[in-house]
Amino acid sequence: MSQELRAVEWIGDGLALIDQTLLPHRDETVAVRDVDTLVDAIQRLVVRGAPAIGAAGAYGVALALVQGEREGWSVAQVRAAVARVREARPTAVNLMVCVDRVMARFDEGLGAVLEEAVAVQREDVEANRAMGRHGADWLLERVDVERPLRILTHCNTGALATAGWGTALGVIRELHARGRLDVVYADETRPLLQGSRLTAWELVQEGIAHYVQADGAAAGTILRGEVDAAIVGADRVAANGDTANKVGTVGVALACADAGIPFLVAAPTTTVDLATKTGDEIHIELRAETEVLEWGGARTAPAGSRGHNPAFDVTPGRLVTALVTERGVLEVASGQLPGEYLR
């Protein structure tokens, strides 16, 4: 089952990563035994999703130590390699937080570093399970319907995007386990289709009824009354509740606000960056133009066109009905801000 998936695993002297660029048609792993390969895997989205990247970064410290020992690096060279891993994707704060946490034990050697990396992964799974319970409880208390719920989600937030189980998809799994889930609308998530390739694949593994829809269909689906709530993940949450997530998320939030239904963000506290006061301070990664100008290696736009390809957008906290973390639920739009409640 998909909740048993591990997108990131330490095996022997390196990492095994599920290659998420190949799903759903090929289920293969990439063996990572050097820092260059890990940085490339993070940037190419072989491994993606803020918590999964965080786990990969945590193990990346161990990887740099192993490679440094094998190749005769100085301590300075090992630290420089770790810095490259830490900076591989700038928006997802989990990568930086997890690398920094493990680096606090760097001077104790490889055994201590691996121990801390394993703890990072274990704690993320535990946090995801707790988020699933908190989110499901909150929804079932506040959505006043007797029937099972219809949920919309955007991008992929399941076992593939985390150390295991999932954030927003973890809430969906919890509702399904309780018999309180009717159907999921999974946005396809342009331009790399994490919704149709990855979320749908995980939902199939779980036997959860779902539709894949074009991103542009999401607002209409919500406004027609076909959805009871939307649940998404996050790559960074500012102290005021502004949330960076996969591009297209803010449109879902706006539609939910107009329809008067809950818009939930599910993310571990490692994704909450209290040093970032508002979403204006969040660096938005711009990815290669070819991702939106080409399809399958063939040019789809005119030769004179340029591509604008932000990987994320920022949803203002006023549109976030609730933030679900492993500690509980904050009703952000009602004034319960992360900067005041999660210190």
# chains A, B, ... in the order shown; residues from 1 in each chain; ligands from 1

$ residues_around --residues "stretch 176-181 of chain A" --least-positions-apart "3" --cutoff "12 Å" --atoms "only C-alpha atoms" --output "VMD selection string"
chain A and resid 132 to 133 136 to 137 139 to 140 143 145 to 152 169 to 173 184 to 185 203 206 to 210 227 to 229

$ residues_around --residues "A:Met96" --least-positions-apart "6" --cutoff "9 Å" --atoms "only C-alpha atoms" --output "VMD selection string"
chain A and resid 54 57 85 to 87 90

$ write_last_selection --atoms "C-alpha atoms" --output "mmCIF file, in the first residue's frame"
data_model
loop_
_atom_site.group_PDB
_atom_site.id
_atom_site.type_symbol
_atom_site.label_atom_id
_atom_site.label_comp_id
_atom_site.auth_asym_id
_atom_site.auth_seq_id
_atom_site.Cartn_x
_atom_site.Cartn_y
_atom_site.Cartn_z
ATOM 1 C CA GLY A 54 13.964 17.506 4.036
ATOM 2 C CA GLY A 57 18.757 16.592 2.869
ATOM 3 C CA VAL A 85 22.565 20.085 -0.795
ATOM 4 C CA ARG A 86 21.024 22.676 1.531
ATOM 5 C CA GLU A 87 20.665 25.192 -1.314
ATOM 6 C CA PRO A 90 15.282 27.527 -2.205
#

$ closest_residue --among "A:Ser74, A:Gly49, A:Trp138, A:Ala301" --to "A:Thr91" --atoms "only C-alpha atoms"
A:Gly49

$ closest_atom_pairs --of "stretch 60-165 of chain A" --to "stretch 198-202 of chain A" --cutoff "8 Å" --atoms "only C-alpha atoms" --output "Markdown table"
| residue | atom | partner | partner_atom | distance |
| --- | --- | --- | --- | --- |
| A:Cys155 | CA | A:Thr199 | CA | 7.1 |
| A:Asn156 | CA | A:Thr199 | CA | 5.0 |
| A:Thr157 | CA | A:Thr199 | CA | 7.4 |
| A:Gly158 | CA | A:Thr199 | CA | 7.0 |
| A:Ala159 | CA | A:Glu202 | CA | 8.0 |
| A:Leu160 | CA | A:Leu198 | CA | 7.7 |

$ write_last_selection --atoms "N, CA and C atoms" --output "short mmCIF file (atom, residue, chain, number, x, y, z; two decimals), in the first residue's frame"
data_model
loop_
_atom_site.label_atom_id
_atom_site.label_comp_id
_atom_site.auth_asym_id
_atom_site.auth_seq_id
_atom_site.Cartn_x
_atom_site.Cartn_y
_atom_site.Cartn_z
N CYS A 155 -1.63 19.19 -6.39
CA CYS A 155 -0.27 18.64 -6.37
C CYS A 155 -0.26 17.30 -5.64
N ASN A 156 0.89 16.86 -5.17
CA ASN A 156 1.01 15.58 -4.47
C ASN A 156 1.52 15.80 -3.07
N THR A 157 0.80 15.27 -2.09
CA THR A 157 1.14 15.47 -0.68
C THR A 157 1.09 14.16 0.09
N GLY A 158 1.32 13.06 -0.60
CA GLY A 158 1.20 11.75 0.02
C GLY A 158 2.52 11.18 0.49
N ALA A 159 2.60 9.86 0.50
CA ALA A 159 3.82 9.19 0.94
C ALA A 159 5.00 9.56 0.05
N LEU A 160 4.74 9.83 -1.22
CA LEU A 160 5.82 10.19 -2.14
C LEU A 160 6.42 11.55 -1.81
#

$ closest_atom_pairs --of "stretch 152-257 of chain A" --to "stretch 107-131 of chain A" --cutoff "8 Å" --atoms "only C-alpha atoms" --output "tab-separated table"
residue	atom	partner	partner_atom	distance
A:Thr162	CA	A:Asp124	CA	7.4
A:Ala163	CA	A:Gln121	CA	5.5
A:Gly164	CA	A:Val125	CA	5.1
A:Trp165	CA	A:Asn128	CA	6.3
A:Gly166	CA	A:Asn128	CA	5.7
A:Thr167	CA	A:Asn128	CA	5.4
A:Gly170	CA	A:Asn128	CA	6.5
A:Val171	CA	A:Met131	CA	6.7

$ write_last_selection --atoms "N, CA and C atoms" --output "PDB file, in the first residue's frame"
ATOM      1  N   THR A 162       6.638  12.915   1.260  1.00  0.00           N
ATOM      2  CA  THR A 162       6.996  13.008   2.675  1.00  0.00           C
ATOM      3  C   THR A 162       7.899  11.834   3.050  1.00  0.00           C
ATOM      4  N   ALA A 163       8.157  11.721   4.337  1.00  0.00           N
ATOM      5  CA  ALA A 163       8.888  10.548   4.808  1.00  0.00           C
ATOM      6  C   ALA A 163       7.986   9.319   4.882  1.00  0.00           C
ATOM      7  N   GLY A 164       6.688   9.535   4.735  1.00  0.00           N
ATOM      8  CA  GLY A 164       5.729   8.438   4.761  1.00  0.00           C
ATOM      9  C   GLY A 164       4.352   8.922   5.169  1.00  0.00           C
ATOM     10  N   TRP A 165       3.296   8.298   4.645  1.00  0.00           N
ATOM     11  CA  TRP A 165       1.885   8.545   4.938  1.00  0.00           C
ATOM     12  C   TRP A 165       1.344   9.769   4.222  1.00  0.00           C
ATOM     13  N   GLY A 166       1.853  10.971   4.497  1.00  0.00           N
ATOM     14  CA  GLY A 166       1.406  12.146   3.773  1.00  0.00           C
ATOM     15  C   GLY A 166       0.854  13.236   4.672  1.00  0.00           C
ATOM     16  N   THR A 167       0.761  14.459   4.114  1.00  0.00           N
ATOM     17  CA  THR A 167       0.242  15.609   4.844  1.00  0.00           C
ATOM     18  C   THR A 167      -1.233  15.814   4.477  1.00  0.00           C
ATOM     19  N   GLY A 170      -2.597  12.622   3.773  1.00  0.00           N
ATOM     20  CA  GLY A 170      -2.755  11.888   5.028  1.00  0.00           C
ATOM     21  C   GLY A 170      -4.108  12.165   5.670  1.00  0.00           C
ATOM     22  N   VAL A 171      -4.588  13.421   5.604  1.00  0.00           N
ATOM     23  CA  VAL A 171      -5.929  13.739   6.099  1.00  0.00           C
ATOM     24  C   VAL A 171      -6.979  12.998   5.271  1.00  0.00           C
TER      25      VAL A 171
END
